[in-house]
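What's in upload.pdb: PDB, C-alpha atoms and all ligand atoms
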```pdb
ATOM      1  CA  MET H1289     102.913 118.604  95.557  1.00  0.00           C
ATOM      2  CA  ILE H1290     104.645 115.596  94.014  1.00  0.00           C
ATOM      3  CA  ASP H1291     102.810 112.267  94.039  1.00  0.00           C
ATOM      4  CA  LEU H1292     105.115 109.425  95.107  1.00  0.00           C
ATOM      5  CA  SER H1293     102.419 106.709  94.854  1.00  0.00           C
ATOM      6  CA  HIS H1294     101.663 104.038  92.286  1.00  0.00           C
ATOM      7  CA  PRO H1295      98.082 103.867  90.986  1.00  0.00           C
ATOM      8  CA  LEU H1296      95.960 100.987  92.310  1.00  0.00           C
ATOM      9  CA  ASP H1297      93.818  98.860  90.020  1.00  0.00           C
ATOM     10  CA  PRO H1298      93.537  95.169  89.070  1.00  0.00           C
ATOM     11  CA  ASP H1299      96.675  95.572  86.896  1.00  0.00           C
ATOM     12  CA  THR H1300      98.831  96.834  89.778  1.00  0.00           C
ATOM     13  CA  PRO H1301     101.899  94.558  89.883  1.00  0.00           C
ATOM     14  CA  VAL H1302     102.054  92.290  92.938  1.00  0.00           C
ATOM     15  CA  TYR H1303     104.363  89.483  94.138  1.00  0.00           C
ATOM     16  CA  PRO H1304     103.616  86.298  92.133  1.00  0.00           C
ATOM     17  CA  ASP H1305     101.959  84.597  95.142  1.00  0.00           C
ATOM     18  CA  TYR H1306     100.064  87.683  96.298  1.00  0.00           C
ATOM     19  CA  PRO H1307      96.392  88.512  95.596  1.00  0.00           C
ATOM     20  CA  ARG H1308      95.757  91.256  93.073  1.00  0.00           C
ATOM     21  CA  VAL H1309      93.641  94.339  93.680  1.00  0.00           C
ATOM     22  CA  ALA H1310      90.017  93.391  92.990  1.00  0.00           C
ATOM     23  CA  VAL H1311      87.305  95.916  92.207  1.00  0.00           C
ATOM     24  CA  THR H1312      83.579  95.179  92.295  1.00  0.00           C
ATOM     25  CA  ILE H1313      81.191  97.800  90.965  1.00  0.00           C
ATOM     26  CA  LEU H1314      78.184  98.022  93.308  1.00  0.00           C
ATOM     27  CA  ASP H1315      76.374 100.810  91.493  1.00  0.00           C
ATOM     28  CA  GLY H1316      77.149 102.644  88.265  1.00  0.00           C
ATOM     29  CA  THR H1317      75.731 105.740  86.650  1.00  0.00           C
ATOM     30  CA  ASP H1318      75.960 103.911  83.311  1.00  0.00           C
ATOM     31  CA  ARG H1319      73.814 100.939  84.280  1.00  0.00           C
ATOM     32  CA  PRO H1320      70.826  99.939  86.411  1.00  0.00           C
ATOM     33  CA  SER H1321      71.739  99.068  89.981  1.00  0.00           C
ATOM     34  CA  ALA H1322      71.910  95.446  91.117  1.00  0.00           C
ATOM     35  CA  LYS H1323      68.818  96.086  93.207  1.00  0.00           C
ATOM     36  CA  GLY H1324      66.847  97.228  90.175  1.00  0.00           C
ATOM     37  CA  ASN H1325      66.066 100.666  91.560  1.00  0.00           C
ATOM     38  CA  ALA H1326      66.847 103.900  89.783  1.00  0.00           C
ATOM     39  CA  ARG H1327      69.801 105.188  91.784  1.00  0.00           C
ATOM     40  CA  HIS H1328      72.318 106.807  89.486  1.00  0.00           C
ATOM     41  CA  LEU H1329      75.605 106.867  91.278  1.00  0.00           C
ATOM     42  CA  ASN H1330      78.998 105.214  91.215  1.00  0.00           C
ATOM     43  CA  SER H1331      79.940 103.063  94.161  1.00  0.00           C
ATOM     44  CA  SER H1332      82.488 100.276  94.373  1.00  0.00           C
ATOM     45  CA  HIS H1333      84.026  97.684  96.639  1.00  0.00           C
ATOM     46  CA  VAL H1334      87.775  97.135  96.616  1.00  0.00           C
ATOM     47  CA  SER H1335      89.775  94.216  97.947  1.00  0.00           C
ATOM     48  CA  ILE H1336      93.435  95.038  98.415  1.00  0.00           C
ATOM     49  CA  GLY H1337      96.413  93.482 100.176  1.00  0.00           C
ATOM     50  CA  LEU H1338      97.874  95.789 102.785  1.00  0.00           C
ATOM     51  CA  HIS H1339     101.345  95.439 101.237  1.00  0.00           C
ATOM     52  CA  CYS H1340     100.176  96.179  97.716  1.00  0.00           C
ATOM     53  CA  GLY H1341     101.344  99.254  95.813  1.00  0.00           C
ATOM     54  CA  THR H1342     102.810 102.150  97.794  1.00  0.00           C
ATOM     55  CA  HIS H1343     102.275 101.181 101.425  1.00  0.00           C
ATOM     56  CA  MET H1344     103.492 101.380 105.009  1.00  0.00           C
ATOM     57  CA  ASP H1345     104.617  98.474 107.215  1.00  0.00           C
ATOM     58  CA  ALA H1346     103.738  98.696 110.915  1.00  0.00           C
ATOM     59  CA  PRO H1347     105.906  96.937 113.541  1.00  0.00           C
ATOM     60  CA  PHE H1348     103.089  94.346 113.900  1.00  0.00           C
ATOM     61  CA  HIS H1349     104.007  93.141 110.372  1.00  0.00           C
ATOM     62  CA  PHE H1350     106.914  91.198 111.909  1.00  0.00           C
ATOM     63  CA  PHE H1351     106.244  91.373 115.647  1.00  0.00           C
ATOM     64  CA  GLY H1352     103.109  89.994 117.274  1.00  0.00           C
ATOM     65  CA  GLU H1353     103.442  92.477 120.118  1.00  0.00           C
ATOM     66  CA  GLY H1354     104.406  95.341 117.793  1.00  0.00           C
ATOM     67  CA  GLN H1355     102.459  98.532 117.139  1.00  0.00           C
ATOM     68  CA  THR H1356      99.583  98.067 114.702  1.00  0.00           C
ATOM     69  CA  ILE H1357      98.965 100.443 111.803  1.00  0.00           C
ATOM     70  CA  ASP H1358      96.005 102.229 113.467  1.00  0.00           C
ATOM     71  CA  ARG H1359      98.226 103.077 116.463  1.00  0.00           C
ATOM     72  CA  ILE H1360     100.937 104.880 114.482  1.00  0.00           C
ATOM     73  CA  PRO H1361     101.115 108.535 115.615  1.00  0.00           C
ATOM     74  CA  LEU H1362     100.378 110.544 112.476  1.00  0.00           C
ATOM     75  CA  GLU H1363     103.067 113.127 113.243  1.00  0.00           C
ATOM     76  CA  ARG H1364     105.566 110.355 112.487  1.00  0.00           C
ATOM     77  CA  CYS H1365     104.148 110.047 108.974  1.00  0.00           C
ATOM     78  CA  VAL H1366     104.545 113.709 107.991  1.00  0.00           C
ATOM     79  CA  GLY H1367     107.590 115.946 108.136  1.00  0.00           C
ATOM     80  CA  PRO H1368     111.081 116.752 106.911  1.00  0.00           C
ATOM     81  CA  THR H1369     112.777 113.845 105.187  1.00  0.00           C
ATOM     82  CA  ALA H1370     116.258 113.287 103.803  1.00  0.00           C
ATOM     83  CA  LEU H1371     116.324 112.107 100.177  1.00  0.00           C
ATOM     84  CA  VAL H1372     119.343 109.920  99.498  1.00  0.00           C
ATOM     85  CA  ARG H1373     120.017 108.790  95.947  1.00  0.00           C
ATOM     86  CA  ILE H1374     121.771 105.458  95.670  1.00  0.00           C
ATOM     87  CA  ASP H1375     124.188 104.870  92.814  1.00  0.00           C
ATOM     88  CA  PRO H1376     122.588 102.544  90.225  1.00  0.00           C
ATOM     89  CA  ASP H1377     125.704 100.341  90.499  1.00  0.00           C
ATOM     90  CA  VAL H1378     124.264  99.003  93.723  1.00  0.00           C
ATOM     91  CA  HIS H1379     121.393  97.413  91.747  1.00  0.00           C
ATOM     92  CA  GLY H1380     121.051  93.752  92.557  1.00  0.00           C
ATOM     93  CA  GLY H1381     123.272  94.382  95.527  1.00  0.00           C
ATOM     94  CA  GLN H1382     123.042  95.782  98.983  1.00  0.00           C
ATOM     95  CA  ILE H1383     122.780  99.304 100.317  1.00  0.00           C
ATOM     96  CA  GLU H1384     125.417  99.578 103.042  1.00  0.00           C
ATOM     97  CA  PRO H1385     126.163 102.276 105.645  1.00  0.00           C
ATOM     98  CA  VAL H1386     128.866 103.636 103.305  1.00  0.00           C
ATOM     99  CA  HIS H1387     126.112 104.634 100.826  1.00  0.00           C
ATOM    100  CA  LEU H1388     124.300 106.625 103.522  1.00  0.00           C
ATOM    101  CA  SER H1389     127.030 108.200 105.619  1.00  0.00           C
ATOM    102  CA  ALA H1390     127.530 111.296 103.420  1.00  0.00           C
ATOM    103  CA  ALA H1391     124.003 112.361 104.423  1.00  0.00           C
ATOM    104  CA  GLU H1392     124.447 111.421 108.067  1.00  0.00           C
ATOM    105  CA  SER H1393     123.852 114.874 109.569  1.00  0.00           C
ATOM    106  CA  THR H1394     120.738 115.434 107.418  1.00  0.00           C
ATOM    107  CA  ILE H1395     119.360 111.991 108.313  1.00  0.00           C
ATOM    108  CA  ARG H1396     119.986 112.653 112.006  1.00  0.00           C
ATOM    109  CA  ARG H1397     118.296 116.063 111.789  1.00  0.00           C
ATOM    110  CA  THR H1398     115.170 114.992 109.876  1.00  0.00           C
ATOM    111  CA  GLY H1399     114.707 111.546 111.452  1.00  0.00           C
ATOM    112  CA  ARG H1400     113.247 110.285 108.195  1.00  0.00           C
ATOM    113  CA  ILE H1401     114.932 108.967 105.081  1.00  0.00           C
ATOM    114  CA  VAL H1402     113.748 108.104 101.574  1.00  0.00           C
ATOM    115  CA  LEU H1403     116.074 106.048  99.396  1.00  0.00           C
ATOM    116  CA  ASP H1404     115.929 106.669  95.657  1.00  0.00           C
ATOM    117  CA  THR H1405     117.553 103.616  94.094  1.00  0.00           C
ATOM    118  CA  GLY H1406     116.037 104.293  90.664  1.00  0.00           C
ATOM    119  CA  TRP H1407     114.375 100.868  90.889  1.00  0.00           C
ATOM    120  CA  HIS H1408     110.896 102.441  90.676  1.00  0.00           C
ATOM    121  CA  GLN H1409     111.572 102.858  86.963  1.00  0.00           C
ATOM    122  CA  ARG H1410     111.342  99.064  86.662  1.00  0.00           C
ATOM    123  CA  TRP H1411     107.772  98.963  88.057  1.00  0.00           C
ATOM    124  CA  GLY H1412     105.803  96.510  85.909  1.00  0.00           C
ATOM    125  CA  GLN H1413     108.899  94.723  84.571  1.00  0.00           C
ATOM    126  CA  GLY H1414     109.569  91.023  85.114  1.00  0.00           C
ATOM    127  CA  ASP H1415     112.420  91.410  87.588  1.00  0.00           C
ATOM    128  CA  TYR H1416     110.803  94.142  89.733  1.00  0.00           C
ATOM    129  CA  PHE H1417     109.989  91.823  92.627  1.00  0.00           C
ATOM    130  CA  ASP H1418     113.083  89.637  92.722  1.00  0.00           C
ATOM    131  CA  SER H1419     116.178  91.577  91.621  1.00  0.00           C
ATOM    132  CA  HIS H1420     115.730  94.841  93.511  1.00  0.00           C
ATOM    133  CA  PRO H1421     118.448  96.333  95.700  1.00  0.00           C
ATOM    134  CA  VAL H1422     118.097  95.765  99.428  1.00  0.00           C
ATOM    135  CA  LEU H1423     119.052  97.555 102.604  1.00  0.00           C
ATOM    136  CA  SER H1424     121.638  95.474 104.475  1.00  0.00           C
ATOM    137  CA  GLY H1425     121.096  94.613 108.127  1.00  0.00           C
ATOM    138  CA  ALA H1426     124.119  96.783 108.941  1.00  0.00           C
ATOM    139  CA  ALA H1427     122.602  99.751 107.067  1.00  0.00           C
ATOM    140  CA  ALA H1428     119.263  99.283 108.837  1.00  0.00           C
ATOM    141  CA  ARG H1429     121.002  99.196 112.237  1.00  0.00           C
ATOM    142  CA  TYR H1430     123.018 102.264 111.251  1.00  0.00           C
ATOM    143  CA  LEU H1431     119.780 104.176 110.504  1.00  0.00           C
ATOM    144  CA  VAL H1432     118.329 103.060 113.841  1.00  0.00           C
ATOM    145  CA  GLU H1433     121.461 104.398 115.577  1.00  0.00           C
ATOM    146  CA  LEU H1434     120.958 107.744 113.843  1.00  0.00           C
ATOM    147  CA  GLY H1435     117.492 107.927 115.403  1.00  0.00           C
ATOM    148  CA  VAL H1436     115.501 107.460 112.200  1.00  0.00           C
ATOM    149  CA  GLY H1437     111.758 106.866 112.669  1.00  0.00           C
ATOM    150  CA  LEU H1438     110.743 106.223 109.054  1.00  0.00           C
ATOM    151  CA  VAL H1439     112.531 104.615 106.100  1.00  0.00           C
ATOM    152  CA  GLY H1440     111.028 104.847 102.618  1.00  0.00           C
ATOM    153  CA  ILE H1441     112.291 103.059  99.504  1.00  0.00           C
ATOM    154  CA  ASP H1442     111.299 102.676  95.843  1.00  0.00           C
ATOM    155  CA  THR H1443     111.524  98.874  95.851  1.00  0.00           C
ATOM    156  CA  PRO H1444     108.816  96.314  96.776  1.00  0.00           C
ATOM    157  CA  SER H1445     110.636  95.518 100.022  1.00  0.00           C
ATOM    158  CA  VAL H1446     113.575  96.829 102.027  1.00  0.00           C
ATOM    159  CA  ASP H1447     115.060  93.336 101.945  1.00  0.00           C
ATOM    160  CA  ARG H1448     114.465  89.619 101.279  1.00  0.00           C
ATOM    161  CA  PRO H1449     114.404  86.591 103.607  1.00  0.00           C
ATOM    162  CA  PRO H1450     115.740  86.336 106.309  1.00  0.00           C
ATOM    163  CA  PHE H1451     114.519  89.976 106.552  1.00  0.00           C
ATOM    164  CA  GLU H1452     117.410  91.412 108.547  1.00  0.00           C
ATOM    165  CA  ALA H1453     116.467  95.016 107.697  1.00  0.00           C
ATOM    166  CA  HIS H1454     112.736  94.550 108.377  1.00  0.00           C
ATOM    167  CA  LEU H1455     113.588  93.012 111.766  1.00  0.00           C
ATOM    168  CA  ALA H1456     116.132  95.705 112.668  1.00  0.00           C
ATOM    169  CA  LEU H1457     113.784  98.558 111.714  1.00  0.00           C
ATOM    170  CA  LEU H1458     110.363  97.291 112.802  1.00  0.00           C
ATOM    171  CA  GLY H1459     111.930  95.801 115.964  1.00  0.00           C
ATOM    172  CA  ARG H1460     112.850  99.332 116.983  1.00  0.00           C
ATOM    173  CA  GLY H1461     109.493 100.785 115.946  1.00  0.00           C
ATOM    174  CA  VAL H1462     110.815 102.327 112.710  1.00  0.00           C
ATOM    175  CA  LEU H1463     108.118 102.643 110.039  1.00  0.00           C
ATOM    176  CA  ILE H1464     108.828 101.365 106.525  1.00  0.00           C
ATOM    177  CA  VAL H1465     107.285 102.750 103.325  1.00  0.00           C
ATOM    178  CA  GLU H1466     107.753 100.576 100.241  1.00  0.00           C
ATOM    179  CA  ASN H1467     107.033 100.868  96.508  1.00  0.00           C
ATOM    180  CA  LEU H1468     107.545 104.626  96.400  1.00  0.00           C
ATOM    181  CA  THR H1469     107.825 106.090  92.910  1.00  0.00           C
ATOM    182  CA  ASN H1470     108.539 109.325  91.035  1.00  0.00           C
ATOM    183  CA  LEU H1471     111.433 110.188  93.335  1.00  0.00           C
ATOM    184  CA  GLY H1472     113.347 111.773  90.460  1.00  0.00           C
ATOM    185  CA  ALA H1473     110.830 114.635  90.531  1.00  0.00           C
ATOM    186  CA  ILE H1474     112.085 115.778  93.948  1.00  0.00           C
ATOM    187  CA  ALA H1475     114.772 118.424  93.497  1.00  0.00           C
ATOM    188  CA  ALA H1476     115.927 119.111  97.049  1.00  0.00           C
ATOM    189  CA  ASP H1477     117.776 116.703  99.302  1.00  0.00           C
ATOM    190  CA  VAL H1478     115.377 117.559 102.114  1.00  0.00           C
ATOM    191  CA  PHE H1479     111.648 117.616 101.437  1.00  0.00           C
ATOM    192  CA  THR H1480     108.429 117.266 103.421  1.00  0.00           C
ATOM    193  CA  LEU H1481     106.997 113.766 103.163  1.00  0.00           C
ATOM    194  CA  ALA H1482     103.401 112.880 103.939  1.00  0.00           C
ATOM    195  CA  ALA H1483     102.501 109.163 103.886  1.00  0.00           C
ATOM    196  CA  ILE H1484      99.430 108.512 105.983  1.00  0.00           C
ATOM    197  CA  PRO H1485      98.023 104.998 106.470  1.00  0.00           C
ATOM    198  CA  LEU H1486      94.355 104.086 106.814  1.00  0.00           C
ATOM    199  CA  ALA H1487      93.206 103.442 110.382  1.00  0.00           C
ATOM    200  CA  LEU H1488      92.887  99.682 109.836  1.00  0.00           C
ATOM    201  CA  ARG H1489      92.329  98.479 113.361  1.00  0.00           C
ATOM    202  CA  GLY H1490      94.833  95.915 114.564  1.00  0.00           C
ATOM    203  CA  ARG H1491      96.439  95.401 111.180  1.00  0.00           C
ATOM    204  CA  ASP H1492     100.016  95.143 109.899  1.00  0.00           C
ATOM    205  CA  GLY H1493     100.193  97.782 107.181  1.00  0.00           C
ATOM    206  CA  SER H1494      98.226  99.983 104.840  1.00  0.00           C
ATOM    207  CA  PRO H1495      98.351 101.474 101.383  1.00  0.00           C
ATOM    208  CA  VAL H1496      99.348 105.139 101.636  1.00  0.00           C
ATOM    209  CA  ARG H1497      99.104 108.135  99.363  1.00  0.00           C
ATOM    210  CA  ALA H1498     102.669 109.334  99.665  1.00  0.00           C
ATOM    211  CA  VAL H1499     103.471 112.875  98.571  1.00  0.00           C
ATOM    212  CA  ALA H1500     106.491 115.151  98.631  1.00  0.00           C
ATOM    213  CA  MET H1501     106.127 118.849  99.324  1.00  0.00           C
ATOM    214  CA  GLU H1502     109.010 121.132  98.496  1.00  0.00           C
ATOM    215  CA  ARG H1503     109.503 124.573  99.910  1.00  0.00           C
TER     216      ARG H1503
HETATM  217 ZN    ZN H1601     105.194  95.819 103.293  1.00  0.00          ZN
END
```

Output the structure of this file as structure tokens.
Ligand SMILES: [Zn+2]
Amino acid sequence: MIDLSHPLDPDTPVYPDYPRVAVTILDGTDRPSAKGNARHLNSSHVSIGLHCGTHMDAPFHFFGEGQTIDRIPLERCVGPTALVRIDPDVHGGQIEPVHLSAAESTIRRTGRIVLDTGWHQRWGQGDYFDSHPVLSGAAARYLVELGVGLVGIDTPSVDRPPFEAHLALLGRGVLIVENLTNLGAIAADVFTLAAIPLALRGRDGSPVRAVAMER
């Protein structure tokens, strides 16, 4: 099993205007509890943005009437997935249908796609959040036409304002998984993806533990 998720802690990189992961220790085996009793256990409280680290966007992220993250059928989050590697030359640019069409039959068959742009290698670097490649609106609409139900990518977002790709995908109920990592460890061009969100009632997204399973 290959872990495709970034670790979460207060140092996890986030957009400049976005709250960081915050951890509060409630009880610790190495110290007396706040209540002064003798419980020796570790217990913590975590505050985390739903679009922090490796996470899934639900349609409700952009559409008030859209499906919320707790309503996503889990079978859509697990299953065969086409891995498409994007030439590094596209960095700073746009992923267009021409970059995807060679894998068209595989994408159609699996109904899920993960894009390896190589950008995950820049996690933690200064330009990670503003210079990443994006999926063009045309490429997003092309994936919708192929019947895709989930699009994963190793960048912080599939696009930037005015969010043409987000709107095209989430508007058609297509799930988005962002901030994937470690995609170079996947050997096959079809693998089994599992990326299951928390059942956060009525919310717009969730951190996921994304993994690849190869046959
Ligand atoms: Zn998101």

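Around ligand ZN 1601 (chain H), the neighbouring residues within 7 Å, taking all atoms listed in the file, come to H:His1339, H:His1343, H:Met1344, H:Asp1345, H:Ser1445, H:Glu1466, H:Gly1493.
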
Quick one: everything within 12 Å of segment 1498-1503 of chain H, counting all atoms listed in the file, minus sequence neighbours fewer than 4 positions away in the same chain. Send it as an MDAnalysis selection string.
-> chainID H and resid 1289:1295 1341:1344 1365:1371 1402 1440:1442 1465:1485 1494

Expand the PyMOL selection byres (((chain H and resi 1300-1317) around 9) and not hetatm) into the individual residues it matches in the shown file, reporting them as a compact mmCIF listing (two decimals) with C-alpha atoms, in the frame of the given file.
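Once written, expr_34.txt looks like this:
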```
# COMPACT_ATOMS: atom_id res chain seq x y z
CA HIS H 1294 101.66 104.04 92.29
CA PRO H 1295 98.08 103.87 90.99
CA LEU H 1296 95.96 100.99 92.31
CA ASP H 1297 93.82 98.86 90.02
CA PRO H 1298 93.54 95.17 89.07
CA ASP H 1299 96.68 95.57 86.90
CA ASP H 1318 75.96 103.91 83.31
CA ARG H 1319 73.81 100.94 84.28
CA PRO H 1320 70.83 99.94 86.41
CA SER H 1321 71.74 99.07 89.98
CA ALA H 1322 71.91 95.45 91.12
CA ARG H 1327 69.80 105.19 91.78
CA HIS H 1328 72.32 106.81 89.49
CA LEU H 1329 75.60 106.87 91.28
CA ASN H 1330 79.00 105.21 91.22
CA SER H 1331 79.94 103.06 94.16
CA SER H 1332 82.49 100.28 94.37
CA HIS H 1333 84.03 97.68 96.64
CA VAL H 1334 87.78 97.14 96.62
CA SER H 1335 89.78 94.22 97.95
CA ILE H 1336 93.44 95.04 98.42
CA GLY H 1337 96.41 93.48 100.18
CA HIS H 1339 101.34 95.44 101.24
CA CYS H 1340 100.18 96.18 97.72
CA GLY H 1341 101.34 99.25 95.81
CA TRP H 1411 107.77 98.96 88.06
CA GLY H 1412 105.80 96.51 85.91
CA GLN H 1413 108.90 94.72 84.57
CA TYR H 1416 110.80 94.14 89.73
CA PHE H 1417 109.99 91.82 92.63
CA ASP H 1418 113.08 89.64 92.72
CA PRO H 1444 108.82 96.31 96.78
```

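Residues with any atom within 12 Å of the point (112.2, 118.2, 115.0), counting all atoms listed in the file, are Glu1363, Arg1364, Val1366, Gly1367, Pro1368, Thr1369, Thr1394, Ile1395, Arg1396, Arg1397, Thr1398, Gly1399, Arg1400, Gly1435, Val1436 and Gly1437 of chain H.
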
Written as a VMD selection string, what is the full residue list that the PyMOL selection byres (((chain H and resi 1383) around 12) and not hetatm) yields on the file shown?
-> chain H and resid 1372 to 1382 1384 to 1389 1403 to 1405 1420 to 1428 1430 to 1431 1441 1446 to 1447 1453

Could you please take those selected residues and save C-alpha atoms as an mmCIF file, in the frame of the given file?
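Saved file out.cif follows:
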```
data_model
loop_
_atom_site.group_PDB
_atom_site.id
_atom_site.type_symbol
_atom_site.label_atom_id
_atom_site.label_comp_id
_atom_site.auth_asym_id
_atom_site.auth_seq_id
_atom_site.Cartn_x
_atom_site.Cartn_y
_atom_site.Cartn_z
ATOM 1 C CA VAL H 1372 119.343 109.920 99.498
ATOM 2 C CA ARG H 1373 120.017 108.790 95.947
ATOM 3 C CA ILE H 1374 121.771 105.458 95.670
ATOM 4 C CA ASP H 1375 124.188 104.870 92.814
ATOM 5 C CA PRO H 1376 122.588 102.544 90.225
ATOM 6 C CA ASP H 1377 125.704 100.341 90.499
ATOM 7 C CA VAL H 1378 124.264 99.003 93.723
ATOM 8 C CA HIS H 1379 121.393 97.413 91.747
ATOM 9 C CA GLY H 1380 121.051 93.752 92.557
ATOM 10 C CA GLY H 1381 123.272 94.382 95.527
ATOM 11 C CA GLN H 1382 123.042 95.782 98.983
ATOM 12 C CA GLU H 1384 125.417 99.578 103.042
ATOM 13 C CA PRO H 1385 126.163 102.276 105.645
ATOM 14 C CA VAL H 1386 128.866 103.636 103.305
ATOM 15 C CA HIS H 1387 126.112 104.634 100.826
ATOM 16 C CA LEU H 1388 124.300 106.625 103.522
ATOM 17 C CA SER H 1389 127.030 108.200 105.619
ATOM 18 C CA LEU H 1403 116.074 106.048 99.396
ATOM 19 C CA ASP H 1404 115.929 106.669 95.657
ATOM 20 C CA THR H 1405 117.553 103.616 94.094
ATOM 21 C CA HIS H 1420 115.730 94.841 93.511
ATOM 22 C CA PRO H 1421 118.448 96.333 95.700
ATOM 23 C CA VAL H 1422 118.097 95.765 99.428
ATOM 24 C CA LEU H 1423 119.052 97.555 102.604
ATOM 25 C CA SER H 1424 121.638 95.474 104.475
ATOM 26 C CA GLY H 1425 121.096 94.613 108.127
ATOM 27 C CA ALA H 1426 124.119 96.783 108.941
ATOM 28 C CA ALA H 1427 122.602 99.751 107.067
ATOM 29 C CA ALA H 1428 119.263 99.283 108.837
ATOM 30 C CA TYR H 1430 123.018 102.264 111.251
ATOM 31 C CA LEU H 1431 119.780 104.176 110.504
ATOM 32 C CA ILE H 1441 112.291 103.059 99.504
ATOM 33 C CA VAL H 1446 113.575 96.829 102.027
ATOM 34 C CA ASP H 1447 115.060 93.336 101.945
ATOM 35 C CA ALA H 1453 116.467 95.016 107.697
#
```

Distance atom CA of Thr1356 of chain H-atom CA of His1408 of chain H, one decimal place?
->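 Atom CA of His1408 of chain H lies at a distance of 26.9 Å from atom CA of Thr1356 of chain H.
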
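Note that atom CA of Val1462 of chain H and atom CA of Val1439 of chain H are 7.2 Å apart.
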
Could you please determine the separation between atom CA of Leu1455 of chain H and atom CA of Pro1347 of chain H in Å, to one decimal place?
->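 These two atoms are separated by 8.8 Å.
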
Quick one: apply the PyMOL selection byres (((chain H and resi 1348) around 10) and not hetatm) to the file and drop the selected residues here as a PyMOL selection string.
-> chain H and resi 1345-1347+1349-1357+1458-1459+1461+1490-1493
